[in-house]
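Structure file structure.cif (mmCIF, C-alpha atoms and all ligand atoms) is printed below.
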```
data_target
loop_
_atom_site.group_PDB
_atom_site.id
_atom_site.type_symbol
_atom_site.label_atom_id
_atom_site.label_comp_id
_atom_site.auth_asym_id
_atom_site.auth_seq_id
_atom_site.Cartn_x
_atom_site.Cartn_y
_atom_site.Cartn_z
ATOM 1 C CA ILE A 1 6.272 32.643 -31.196
ATOM 2 C CA ASN A 2 3.502 34.151 -29.107
ATOM 3 C CA ILE A 3 0.918 32.291 -31.132
ATOM 4 C CA GLU A 4 2.731 28.979 -30.793
ATOM 5 C CA LEU A 5 3.317 29.104 -27.032
ATOM 6 C CA PRO A 6 -0.177 28.156 -25.849
ATOM 7 C CA ASP A 7 -0.063 25.216 -28.257
ATOM 8 C CA GLU A 8 3.203 24.000 -26.819
ATOM 9 C CA GLN A 9 1.914 24.477 -23.309
ATOM 10 C CA ALA A 10 -1.201 22.445 -24.155
ATOM 11 C CA ARG A 11 0.905 19.698 -25.705
ATOM 12 C CA PHE A 12 3.148 19.587 -22.641
ATOM 13 C CA GLU A 13 0.146 19.396 -20.316
ATOM 14 C CA ALA A 14 -1.466 16.642 -22.397
ATOM 15 C CA ALA A 15 1.795 14.641 -22.361
ATOM 16 C CA GLN A 16 2.075 15.116 -18.600
ATOM 17 C CA ARG A 17 -1.533 13.985 -18.099
ATOM 18 C CA PHE A 18 -0.905 10.937 -20.296
ATOM 19 C CA LYS A 19 2.220 10.049 -18.318
ATOM 20 C CA ILE A 20 0.412 10.319 -14.976
ATOM 21 C CA SER A 21 -2.565 8.261 -16.239
ATOM 22 C CA LEU A 22 -0.092 5.616 -17.347
ATOM 23 C CA TYR A 23 1.530 5.586 -13.901
ATOM 24 C CA PHE A 24 -1.877 5.291 -12.224
ATOM 25 C CA ALA A 25 -3.097 2.482 -14.499
ATOM 26 C CA THR A 26 0.160 0.555 -13.990
ATOM 27 C CA TRP A 27 0.075 1.116 -10.221
ATOM 28 C CA TRP A 28 -3.515 -0.181 -9.906
ATOM 29 C CA ALA A 29 -2.995 -3.162 -12.220
ATOM 30 C CA LEU A 30 0.164 -4.244 -10.373
ATOM 31 C CA ASN A 31 -1.637 -3.807 -7.069
ATOM 32 C CA VAL A 32 -4.582 -5.960 -8.138
ATOM 33 C CA VAL A 33 -2.204 -8.752 -9.219
ATOM 34 C CA PHE A 34 -0.284 -8.469 -5.925
ATOM 35 C CA ASN A 35 -3.462 -8.684 -3.855
ATOM 36 C CA ILE A 36 -4.717 -11.752 -5.699
ATOM 37 C CA TYR A 37 -1.485 -13.744 -5.474
ATOM 38 C CA ASN A 38 -0.890 -12.621 -1.909
ATOM 39 C CA LYS A 39 -4.293 -13.967 -0.864
ATOM 40 C CA LYS A 40 -3.867 -17.188 -2.858
ATOM 41 C CA VAL A 41 -0.572 -17.757 -1.035
ATOM 42 C CA LEU A 42 -2.021 -16.873 2.385
ATOM 43 C CA ASN A 43 -4.969 -19.247 1.878
ATOM 44 C CA ALA A 44 -2.563 -22.163 1.370
ATOM 45 C CA PHE A 45 0.274 -20.913 3.585
ATOM 46 C CA PRO A 46 -1.012 -18.739 6.454
ATOM 47 C CA TYR A 47 2.323 -17.222 7.480
ATOM 48 C CA PRO A 48 1.982 -13.481 6.798
ATOM 49 C CA TRP A 49 5.239 -12.552 8.562
ATOM 50 C CA LEU A 50 7.212 -14.669 6.089
ATOM 51 C CA THR A 51 5.284 -13.537 3.000
ATOM 52 C CA SER A 52 5.795 -9.878 4.080
ATOM 53 C CA THR A 53 9.520 -10.530 4.495
ATOM 54 C CA LEU A 54 9.744 -12.220 1.087
ATOM 55 C CA SER A 55 8.072 -9.231 -0.595
ATOM 56 C CA LEU A 56 10.718 -6.911 0.831
ATOM 57 C CA ALA A 57 13.506 -9.371 0.035
ATOM 58 C CA ALA A 58 12.414 -9.725 -3.607
ATOM 59 C CA GLY A 59 12.343 -5.948 -4.031
ATOM 60 C CA SER A 60 15.718 -5.484 -2.381
ATOM 61 C CA LEU A 61 17.282 -8.158 -4.567
ATOM 62 C CA MET A 62 15.752 -6.766 -7.765
ATOM 63 C CA MET A 63 17.091 -3.309 -6.980
ATOM 64 C CA LEU A 64 20.572 -4.533 -5.997
ATOM 65 C CA ILE A 65 20.761 -6.369 -9.324
ATOM 66 C CA SER A 66 19.525 -3.294 -11.205
ATOM 67 C CA TRP A 67 22.198 -1.157 -9.559
ATOM 68 C CA ALA A 68 24.967 -3.722 -10.083
ATOM 69 C CA THR A 69 24.116 -4.134 -13.781
ATOM 70 C CA ARG A 70 23.571 -0.354 -14.160
ATOM 71 C CA ILE A 71 19.995 -0.810 -15.359
ATOM 72 C CA ALA A 72 19.346 1.852 -12.731
ATOM 73 C CA ASP A 73 21.827 4.300 -11.225
ATOM 74 C CA ALA A 74 22.572 3.582 -7.588
ATOM 75 C CA PRO A 75 21.698 6.529 -5.327
ATOM 76 C CA LYS A 76 24.377 8.507 -3.512
ATOM 77 C CA THR A 77 23.423 8.287 0.133
ATOM 78 C CA ASP A 78 25.068 9.263 3.401
ATOM 79 C CA LEU A 79 24.512 8.340 7.028
ATOM 80 C CA ASP A 80 22.065 11.223 7.444
ATOM 81 C CA PHE A 81 19.895 9.825 4.649
ATOM 82 C CA TRP A 82 19.655 6.421 6.360
ATOM 83 C CA LYS A 83 18.993 8.047 9.734
ATOM 84 C CA THR A 84 16.087 10.034 8.273
ATOM 85 C CA LEU A 85 14.873 6.913 6.505
ATOM 86 C CA PHE A 86 14.846 4.815 9.674
ATOM 87 C CA PRO A 87 11.495 6.023 11.121
ATOM 88 C CA VAL A 88 9.938 5.758 7.628
ATOM 89 C CA ALA A 89 11.143 2.148 7.412
ATOM 90 C CA VAL A 90 9.802 1.295 10.882
ATOM 91 C CA ALA A 91 6.380 2.677 9.900
ATOM 92 C CA HIS A 92 6.516 0.952 6.491
ATOM 93 C CA THR A 93 7.394 -2.382 8.126
ATOM 94 C CA ILE A 94 4.579 -2.151 10.678
ATOM 95 C CA GLY A 95 2.028 -1.020 8.078
ATOM 96 C CA HIS A 96 3.049 -3.754 5.643
ATOM 97 C CA VAL A 97 3.080 -6.650 8.085
ATOM 98 C CA ALA A 98 -0.161 -5.488 9.744
ATOM 99 C CA ALA A 99 -1.982 -5.352 6.381
ATOM 100 C CA THR A 100 -0.678 -8.805 5.453
ATOM 101 C CA VAL A 101 -1.704 -10.266 8.826
ATOM 102 C CA SER A 102 -5.127 -8.692 8.245
ATOM 103 C CA MET A 103 -5.435 -10.278 4.790
ATOM 104 C CA SER A 104 -4.486 -13.665 6.225
ATOM 105 C CA LYS A 105 -7.555 -13.468 8.499
ATOM 106 C CA VAL A 106 -10.258 -11.733 6.444
ATOM 107 C CA ALA A 107 -11.312 -11.194 2.817
ATOM 108 C CA VAL A 108 -9.025 -8.923 0.771
ATOM 109 C CA SER A 109 -12.018 -6.676 0.111
ATOM 110 C CA PHE A 110 -12.642 -6.184 3.847
ATOM 111 C CA THR A 111 -9.008 -5.213 4.539
ATOM 112 C CA HIS A 112 -9.165 -2.639 1.727
ATOM 113 C CA ILE A 113 -12.518 -1.233 2.849
ATOM 114 C CA ILE A 114 -10.977 -0.542 6.260
ATOM 115 C CA LYS A 115 -7.823 0.748 4.583
ATOM 116 C CA SER A 116 -9.878 3.229 2.571
ATOM 117 C CA SER A 117 -10.312 5.152 5.833
ATOM 118 C CA GLU A 118 -6.610 6.102 5.886
ATOM 119 C CA PRO A 119 -7.423 9.808 5.250
ATOM 120 C CA ALA A 120 -9.440 9.866 8.477
ATOM 121 C CA PHE A 121 -6.372 8.627 10.369
ATOM 122 C CA SER A 122 -4.283 11.248 8.628
ATOM 123 C CA VAL A 123 -6.594 14.054 9.781
ATOM 124 C CA LEU A 124 -6.792 12.742 13.357
ATOM 125 C CA VAL A 125 -3.018 12.286 13.694
ATOM 126 C CA SER A 126 -2.346 15.722 12.164
ATOM 127 C CA ARG A 127 -4.912 17.317 14.463
ATOM 128 C CA PHE A 128 -4.100 15.646 17.768
ATOM 129 C CA LEU A 129 -0.377 14.920 17.447
ATOM 130 C CA LEU A 130 0.819 17.733 15.199
ATOM 131 C CA GLY A 131 -1.761 20.339 16.196
ATOM 132 C CA GLU A 132 -2.643 21.033 12.540
ATOM 133 C CA LEU A 133 -6.067 22.610 11.994
ATOM 134 C CA PHE A 134 -8.334 21.870 9.010
ATOM 135 C CA PRO A 135 -11.426 23.619 7.642
ATOM 136 C CA VAL A 136 -14.757 22.300 8.979
ATOM 137 C CA PRO A 137 -15.699 20.442 5.708
ATOM 138 C CA VAL A 138 -12.597 18.259 6.128
ATOM 139 C CA TYR A 139 -13.795 17.143 9.569
ATOM 140 C CA MET A 140 -17.323 16.653 8.196
ATOM 141 C CA SER A 141 -15.993 14.317 5.499
ATOM 142 C CA LEU A 142 -14.745 12.014 8.260
ATOM 143 C CA VAL A 143 -18.364 11.204 9.183
ATOM 144 C CA PRO A 144 -19.091 9.158 6.008
ATOM 145 C CA ILE A 145 -15.588 7.663 6.043
ATOM 146 C CA ILE A 146 -15.830 6.411 9.624
ATOM 147 C CA GLY A 147 -19.583 5.669 9.442
ATOM 148 C CA GLY A 148 -19.229 3.755 6.155
ATOM 149 C CA CYS A 149 -16.333 1.674 7.480
ATOM 150 C CA ALA A 150 -18.219 0.954 10.705
ATOM 151 C CA LEU A 151 -21.272 -0.173 8.713
ATOM 152 C CA ALA A 152 -19.110 -2.386 6.492
ATOM 153 C CA ALA A 153 -17.364 -3.857 9.544
ATOM 154 C CA VAL A 154 -20.490 -4.722 11.544
ATOM 155 C CA THR A 155 -22.163 -6.316 8.517
ATOM 156 C CA GLU A 156 -19.060 -8.223 7.365
ATOM 157 C CA LEU A 157 -19.990 -11.912 7.202
ATOM 158 C CA ASN A 158 -16.509 -13.173 8.043
ATOM 159 C CA PHE A 159 -15.518 -10.557 10.597
ATOM 160 C CA ASN A 160 -12.358 -11.306 12.526
ATOM 161 C CA MET A 161 -10.869 -9.027 15.194
ATOM 162 C CA ILE A 162 -7.219 -9.612 14.199
ATOM 163 C CA GLY A 163 -8.139 -8.930 10.565
ATOM 164 C CA PHE A 164 -9.877 -5.686 11.535
ATOM 165 C CA MET A 165 -7.147 -4.497 13.912
ATOM 166 C CA GLY A 166 -4.414 -5.352 11.394
ATOM 167 C CA ALA A 167 -6.007 -3.044 8.820
ATOM 168 C CA MET A 168 -6.480 -0.297 11.455
ATOM 169 C CA ILE A 169 -2.838 -0.552 12.612
ATOM 170 C CA SER A 170 -1.735 -0.464 8.969
ATOM 171 C CA ASN A 171 -3.710 2.772 8.487
ATOM 172 C CA LEU A 172 -2.059 4.403 11.479
ATOM 173 C CA ALA A 173 1.433 3.209 10.526
ATOM 174 C CA PHE A 174 1.084 4.427 6.923
ATOM 175 C CA VAL A 175 -0.010 7.883 8.077
ATOM 176 C CA PHE A 176 3.248 8.112 10.026
ATOM 177 C CA ARG A 177 5.162 6.690 7.067
ATOM 178 C CA ASN A 178 3.762 9.447 4.860
ATOM 179 C CA ILE A 179 4.511 12.175 7.396
ATOM 180 C CA PHE A 180 8.115 10.961 7.852
ATOM 181 C CA SER A 181 8.745 10.286 4.160
ATOM 182 C CA LYS A 182 7.598 13.767 3.178
ATOM 183 C CA LYS A 183 10.586 15.026 5.217
ATOM 184 C CA GLY A 184 12.884 12.312 3.818
ATOM 185 C CA MET A 185 12.126 12.975 0.143
ATOM 186 C CA LYS A 186 12.621 16.719 0.568
ATOM 187 C CA GLY A 187 15.588 18.027 -1.408
ATOM 188 C CA LYS A 188 15.018 15.283 -4.011
ATOM 189 C CA SER A 189 18.608 14.021 -4.131
ATOM 190 C CA VAL A 190 17.234 10.462 -4.406
ATOM 191 C CA SER A 191 14.592 9.554 -7.019
ATOM 192 C CA GLY A 192 11.243 8.001 -6.000
ATOM 193 C CA MET A 193 12.349 4.628 -7.349
ATOM 194 C CA ASN A 194 15.611 4.576 -5.401
ATOM 195 C CA TYR A 195 13.976 6.003 -2.303
ATOM 196 C CA TYR A 196 11.569 3.073 -2.266
ATOM 197 C CA ALA A 197 14.454 0.629 -2.926
ATOM 198 C CA CYS A 198 16.347 1.901 0.137
ATOM 199 C CA LEU A 199 13.116 1.781 2.136
ATOM 200 C CA SER A 200 12.641 -1.900 1.194
ATOM 201 C CA MET A 201 16.168 -2.811 2.210
ATOM 202 C CA LEU A 202 15.992 -1.099 5.596
ATOM 203 C CA SER A 203 12.513 -2.562 6.244
ATOM 204 C CA LEU A 204 13.812 -6.012 5.376
ATOM 205 C CA LEU A 205 16.563 -5.665 8.009
ATOM 206 C CA ILE A 206 14.008 -4.529 10.589
ATOM 207 C CA LEU A 207 11.395 -7.183 9.792
ATOM 208 C CA THR A 208 13.557 -10.322 9.471
ATOM 209 C CA PRO A 209 14.345 -10.878 13.195
ATOM 210 C CA PHE A 210 10.694 -10.261 14.127
ATOM 211 C CA ALA A 211 9.436 -12.676 11.460
ATOM 212 C CA ILE A 212 11.802 -15.354 12.799
ATOM 213 C CA ALA A 213 10.666 -14.686 16.373
ATOM 214 C CA VAL A 214 6.922 -14.684 15.596
ATOM 215 C CA GLU A 215 6.761 -17.572 13.096
ATOM 216 C CA GLY A 216 10.210 -19.051 12.521
ATOM 217 C CA PRO A 217 11.808 -21.626 10.192
ATOM 218 C CA LYS A 218 10.178 -24.650 11.846
ATOM 219 C CA MET A 219 6.620 -23.426 11.139
ATOM 220 C CA TRP A 220 7.621 -22.236 7.674
ATOM 221 C CA ALA A 221 9.128 -25.575 6.677
ATOM 222 C CA ALA A 222 6.061 -27.542 7.806
ATOM 223 C CA GLY A 223 3.651 -25.052 6.177
ATOM 224 C CA TRP A 224 5.680 -24.920 2.967
ATOM 225 C CA SER A 225 5.648 -28.663 2.367
ATOM 226 C CA GLN A 226 1.936 -28.792 3.173
ATOM 227 C CA ALA A 227 1.215 -25.978 0.682
ATOM 228 C CA LEU A 228 3.394 -27.649 -1.957
ATOM 229 C CA SER A 229 1.577 -30.959 -1.611
ATOM 230 C CA GLN A 230 -1.806 -29.190 -1.684
ATOM 231 C CA ILE A 231 -1.169 -26.802 -4.607
ATOM 232 C CA GLY A 232 1.741 -28.420 -6.441
ATOM 233 C CA PRO A 233 4.806 -26.695 -7.919
ATOM 234 C CA ASN A 234 2.692 -23.691 -8.944
ATOM 235 C CA PHE A 235 2.747 -22.595 -5.320
ATOM 236 C CA VAL A 236 6.351 -21.416 -5.742
ATOM 237 C CA TRP A 237 5.273 -19.183 -8.658
ATOM 238 C CA TRP A 238 2.458 -17.728 -6.578
ATOM 239 C CA VAL A 239 4.973 -16.775 -3.862
ATOM 240 C CA ALA A 240 7.309 -15.302 -6.478
ATOM 241 C CA ALA A 241 4.425 -13.355 -8.057
ATOM 242 C CA GLN A 242 3.179 -11.863 -4.768
ATOM 243 C CA SER A 243 6.734 -10.843 -3.827
ATOM 244 C CA ILE A 244 7.693 -9.305 -7.173
ATOM 245 C CA PHE A 245 4.369 -7.541 -7.730
ATOM 246 C CA TYR A 246 4.491 -6.084 -4.213
ATOM 247 C CA HIS A 247 7.755 -4.394 -5.059
ATOM 248 C CA LEU A 248 6.647 -3.276 -8.520
ATOM 249 C CA TYR A 249 3.397 -1.611 -7.429
ATOM 250 C CA ASN A 250 5.119 0.215 -4.590
ATOM 251 C CA GLN A 251 7.947 1.296 -6.870
ATOM 252 C CA VAL A 252 5.516 2.724 -9.417
ATOM 253 C CA SER A 253 3.529 4.440 -6.666
ATOM 254 C CA TYR A 254 6.695 6.132 -5.332
ATOM 255 C CA MET A 255 7.653 7.080 -8.905
ATOM 256 C CA SER A 256 4.275 8.722 -9.377
ATOM 257 C CA LEU A 257 4.566 10.463 -5.996
ATOM 258 C CA ASP A 258 7.563 12.230 -7.565
ATOM 259 C CA GLN A 259 5.241 13.735 -10.194
ATOM 260 C CA ILE A 260 2.023 14.547 -8.340
ATOM 261 C CA SER A 261 0.829 16.195 -5.148
ATOM 262 C CA PRO A 262 0.186 14.074 -2.037
ATOM 263 C CA LEU A 263 -3.506 14.899 -2.429
ATOM 264 C CA THR A 264 -3.742 13.539 -5.986
ATOM 265 C CA PHE A 265 -1.789 10.557 -4.720
ATOM 266 C CA SER A 266 -4.310 9.819 -1.976
ATOM 267 C CA VAL A 267 -7.236 10.094 -4.421
ATOM 268 C CA GLY A 268 -5.392 7.664 -6.712
ATOM 269 C CA ASN A 269 -4.836 5.340 -3.778
ATOM 270 C CA THR A 270 -8.539 5.242 -2.944
ATOM 271 C CA MET A 271 -9.449 4.553 -6.563
ATOM 272 C CA LYS A 272 -6.874 1.760 -6.483
ATOM 273 C CA ARG A 273 -8.764 0.236 -3.540
ATOM 274 C CA VAL A 274 -12.012 0.296 -5.517
ATOM 275 C CA SER A 275 -10.381 -1.824 -8.251
ATOM 276 C CA VAL A 276 -8.884 -4.200 -5.665
ATOM 277 C CA ILE A 277 -12.189 -4.565 -3.787
ATOM 278 C CA VAL A 278 -14.211 -5.254 -6.935
ATOM 279 C CA SER A 279 -11.709 -7.640 -8.553
ATOM 280 C CA SER A 280 -11.044 -9.626 -5.358
ATOM 281 C CA ILE A 281 -14.797 -10.057 -4.718
ATOM 282 C CA ILE A 282 -15.176 -11.460 -8.241
ATOM 283 C CA ILE A 283 -12.088 -13.710 -8.147
ATOM 284 C CA PHE A 284 -12.525 -15.107 -4.637
ATOM 285 C CA HIS A 285 -16.369 -15.226 -4.807
ATOM 286 C CA THR A 286 -16.488 -13.200 -1.575
ATOM 287 C CA PRO A 287 -20.042 -13.158 -0.176
ATOM 288 C CA VAL A 288 -21.270 -9.560 0.154
ATOM 289 C CA GLN A 289 -24.559 -8.387 1.626
ATOM 290 C CA PRO A 290 -26.128 -5.259 0.093
ATOM 291 C CA VAL A 291 -25.787 -3.323 3.368
ATOM 292 C CA ASN A 292 -22.131 -4.333 3.532
ATOM 293 C CA ALA A 293 -21.533 -2.990 0.017
ATOM 294 C CA LEU A 294 -23.413 0.179 0.962
ATOM 295 C CA GLY A 295 -21.031 0.731 3.905
ATOM 296 C CA ALA A 296 -18.025 0.356 1.599
ATOM 297 C CA ALA A 297 -19.524 2.736 -0.973
ATOM 298 C CA ILE A 298 -20.255 5.389 1.692
ATOM 299 C CA ALA A 299 -16.701 5.118 3.059
ATOM 300 C CA ILE A 300 -15.146 5.494 -0.395
ATOM 301 C CA LEU A 301 -17.446 8.369 -1.285
ATOM 302 C CA GLY A 302 -16.378 9.968 2.014
ATOM 303 C CA THR A 303 -12.760 9.788 0.892
ATOM 304 C CA PHE A 304 -13.588 11.648 -2.318
ATOM 305 C CA ILE A 305 -15.480 14.300 -0.343
ATOM 306 C CA TYR A 306 -12.431 14.528 1.919
ATOM 307 C CA SER A 307 -10.105 15.140 -1.010
ATOM 308 C CA GLN A 308 -12.411 17.851 -2.359
ATOM 309 C CA ALA A 309 -12.695 19.468 1.076
ATOM 310 C CA LYS A 310 -8.924 19.414 1.531
ATOM 311 C CA GLN A 311 -8.392 21.074 -1.814
HETATM 312 C C1 LIG A 401 0.943 -4.184 2.302
HETATM 313 O O1 LIG A 401 1.094 -5.373 2.311
HETATM 314 O O2 LIG A 401 1.849 -3.362 2.532
HETATM 315 C C2 LIG A 401 -0.405 -3.666 2.006
HETATM 316 O O3 LIG A 401 -1.120 -4.494 1.181
HETATM 317 C C3 LIG A 401 -0.227 -2.306 1.500
HETATM 318 O O4 LIG A 401 -1.379 -1.735 1.234
HETATM 319 P P1 LIG A 401 -1.448 -0.413 0.369
HETATM 320 O O5 LIG A 401 -0.152 -0.226 -0.324
HETATM 321 O O6 LIG A 401 -2.565 -0.723 -0.558
HETATM 322 O O7 LIG A 401 -1.762 0.669 1.359
#
```
So, in terms of structure tokens, how does the structure I just supplied come out?
Ligand code: 3PG
Amino acid sequence: INIELPDEQARFEAAQRFKISLYFATWWALNVVFNIYNKKVLNAFPYPWLTSTLSLAAGSLMMLISWATRIADAPKTDLDFWKTLFPVAVAHTIGHVAATVSMSKVAVSFTHIIKSSEPAFSVLVSRFLLGELFPVPVYMSLVPIIGGCALAAVTELNFNMIGFMGAMISNLAFVFRNIFSKKGMKGKSVSGMNYYACLSMLSLLILTPFAIAVEGPKMWAAGWSQALSQIGPNFVWWVAAQSIFYHLYNQVSYMSLDQISPLTFSVGNTMKRVSVIVSSIIIFHTPVQPVNALGAAIAILGTFIYSQAKQ
């Protein structure tokens, strides 16, 4: 038995590694597809508040159907669960709509370059609002992250202030979402998949009145018929794809969060951005200057240094 144990341990670890790699690959692939269809939709139909709402609505509907047909077990929740989820949902809603507004104004790659600086926001919020202290190398790693993003921003050919601020607000909101959801997922009575389903539903309730107030049915109807006449019936499939893939990539990312540490998760998230940046530049023929690419590379490298320093 003693001789066989290390073998079994190795097999278990290899299976675990395989499972996590599969989660990561699925998460990134779904995210790339989401980003492409989301931008295609926004180019023809520049109403990010509605597309953000539709993403949450599609996810909520898919999960309600899965629970009703018992494809997935519905979670057992109480009032306390929803109360704890509320701040997470507010942060998720703000971060989601801000990123979508950003992508409606600038290239997908630019939004994700700015979003790769999320760890810097995490350190600053933890330091100044929560009083958490970090070792010096962690602070040092913020220099390339912030410097690289700044270089990418000032050399961005199609810079737009709303696009830039949207990505920055999304960073800040998602740091709060992560801080609040760490508390909410504690105890693990609800799986990652169901936790994200509940988060979608609550966010949908929060976002809908704001989307109606900011854009509203009149604008949507006019924009929709214009997009339909410009693109043709395929436009409806693009909207469906961006909405469904938004839910799927987030669901897989919350499922993988169940299995890995927040640190591994944030490294995975940065690597995800590299695949989104590269694929969107190729697909949308985004013009990039060498110095602009250098800024992005420095920022992303900074995030890896950050994860090493934090370890
Ligand atoms: C959104 O619409 O919520 C953003 O695209 C999310 O970005 P992220 O999940 O890549 O941080």
Surrounding residues of region 56-62 of chain A excluding itself and chain neighbours under 5 positions, 8 Å, all atoms listed in the file, as a list in words |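 My reading of the contact set: Ala197, Cys198, Ser200, Met201, Ser203, Leu204, Ser243, Ile244, Tyr246, His247 and Leu248 of chain A.
Nearest to ligand LIG 401 (chain A) of all the residues A:Asn194, A:Gln242, A:Gln259, A:Gln9 is A:Gln242, counting only C-alpha atoms and all ligand atoms.
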Of A:Leu301, A:Ile281, A:Ala153, A:Tyr196, the one sitting nearest Asn35 (chain A) when using only C-alpha atoms is A:Ile281
Quick one: of A:Asn160, A:Asn250, A:Thr77, A:Thr155, who's nearest to ligand LIG 401 (chain A), counting all atoms listed in the file?
->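 Among the listed residues, the smallest separation from ligand LIG 401 (chain A) belongs to A:Asn250.
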Using all atoms listed in the file, which residue out of A:Val267, A:Ala309, A:Ile179, A:Ile113 lies closest to Gly295 (chain A)?
-> A:Ile113
Residues within 9 Å of ligand LIG 401 (chain A), counting all atoms listed in the file, as a VMD selection string | chain A and resid 31 34 to 35 38 52 55 92 to 101 103 111 to 112 115 to 116 118 167 170 to 171 174 246 249 to 250 253 269 to 270 272 to 273 276
With C-alpha atoms retained, export the selected residues as a PDB file, keeping the file's coordinate frame.
```pdb
ATOM      1  CA  ASN A  31      -1.637  -3.807  -7.069  1.00  0.00           C
ATOM      2  CA  PHE A  34      -0.284  -8.469  -5.925  1.00  0.00           C
ATOM      3  CA  ASN A  35      -3.462  -8.684  -3.855  1.00  0.00           C
ATOM      4  CA  ASN A  38      -0.890 -12.621  -1.909  1.00  0.00           C
ATOM      5  CA  SER A  52       5.795  -9.878   4.080  1.00  0.00           C
ATOM      6  CA  SER A  55       8.072  -9.231  -0.595  1.00  0.00           C
ATOM      7  CA  HIS A  92       6.516   0.952   6.491  1.00  0.00           C
ATOM      8  CA  THR A  93       7.394  -2.382   8.126  1.00  0.00           C
ATOM      9  CA  ILE A  94       4.579  -2.151  10.678  1.00  0.00           C
ATOM     10  CA  GLY A  95       2.028  -1.020   8.078  1.00  0.00           C
ATOM     11  CA  HIS A  96       3.049  -3.754   5.643  1.00  0.00           C
ATOM     12  CA  VAL A  97       3.080  -6.650   8.085  1.00  0.00           C
ATOM     13  CA  ALA A  98      -0.161  -5.488   9.744  1.00  0.00           C
ATOM     14  CA  ALA A  99      -1.982  -5.352   6.381  1.00  0.00           C
ATOM     15  CA  THR A 100      -0.678  -8.805   5.453  1.00  0.00           C
ATOM     16  CA  VAL A 101      -1.704 -10.266   8.826  1.00  0.00           C
ATOM     17  CA  MET A 103      -5.435 -10.278   4.790  1.00  0.00           C
ATOM     18  CA  THR A 111      -9.008  -5.213   4.539  1.00  0.00           C
ATOM     19  CA  HIS A 112      -9.165  -2.639   1.727  1.00  0.00           C
ATOM     20  CA  LYS A 115      -7.823   0.748   4.583  1.00  0.00           C
ATOM     21  CA  SER A 116      -9.878   3.229   2.571  1.00  0.00           C
ATOM     22  CA  GLU A 118      -6.610   6.102   5.886  1.00  0.00           C
ATOM     23  CA  ALA A 167      -6.007  -3.044   8.820  1.00  0.00           C
ATOM     24  CA  SER A 170      -1.735  -0.464   8.969  1.00  0.00           C
ATOM     25  CA  ASN A 171      -3.710   2.772   8.487  1.00  0.00           C
ATOM     26  CA  PHE A 174       1.084   4.427   6.923  1.00  0.00           C
ATOM     27  CA  TYR A 246       4.491  -6.084  -4.213  1.00  0.00           C
ATOM     28  CA  TYR A 249       3.397  -1.611  -7.429  1.00  0.00           C
ATOM     29  CA  ASN A 250       5.119   0.215  -4.590  1.00  0.00           C
ATOM     30  CA  SER A 253       3.529   4.440  -6.666  1.00  0.00           C
ATOM     31  CA  ASN A 269      -4.836   5.340  -3.778  1.00  0.00           C
ATOM     32  CA  THR A 270      -8.539   5.242  -2.944  1.00  0.00           C
ATOM     33  CA  LYS A 272      -6.874   1.760  -6.483  1.00  0.00           C
ATOM     34  CA  ARG A 273      -8.764   0.236  -3.540  1.00  0.00           C
ATOM     35  CA  VAL A 276      -8.884  -4.200  -5.665  1.00  0.00           C
TER      36      VAL A 276
END
```
Leaving out Lys76 (chain A) and any residue of its chain fewer than 2 positions from it, which residues lie within 10 Å of it when counting only C-alpha atoms, given as a ChimeraX atom specification?
-> /A:73-74,78,81,189-190,194
Create the file for the chosen residues now, containing C-alpha atoms and written as a CSV table (one decimal), in the frame of the given file.
```
chain,number,residue,atom,x,y,z
A,73,ASP,CA,21.8,4.3,-11.2
A,74,ALA,CA,22.6,3.6,-7.6
A,78,ASP,CA,25.1,9.3,3.4
A,81,PHE,CA,19.9,9.8,4.6
A,189,SER,CA,18.6,14.0,-4.1
A,190,VAL,CA,17.2,10.5,-4.4
A,194,ASN,CA,15.6,4.6,-5.4
```
Pick the closest to Phe121 (chain A) from A:Ile145, A:Val175, A:Val108, A:Leu85: which is it, counting only C-alpha atoms?
->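 The closest residue to Phe121 (chain A) is A:Val175.
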Excluding Ala222 (chain A) and residues on its chain fewer than 5 positions from it, collect all residues at most 10 Å away from it, counting all atoms listed in the file, and give them as a count of residues only.
-> 3
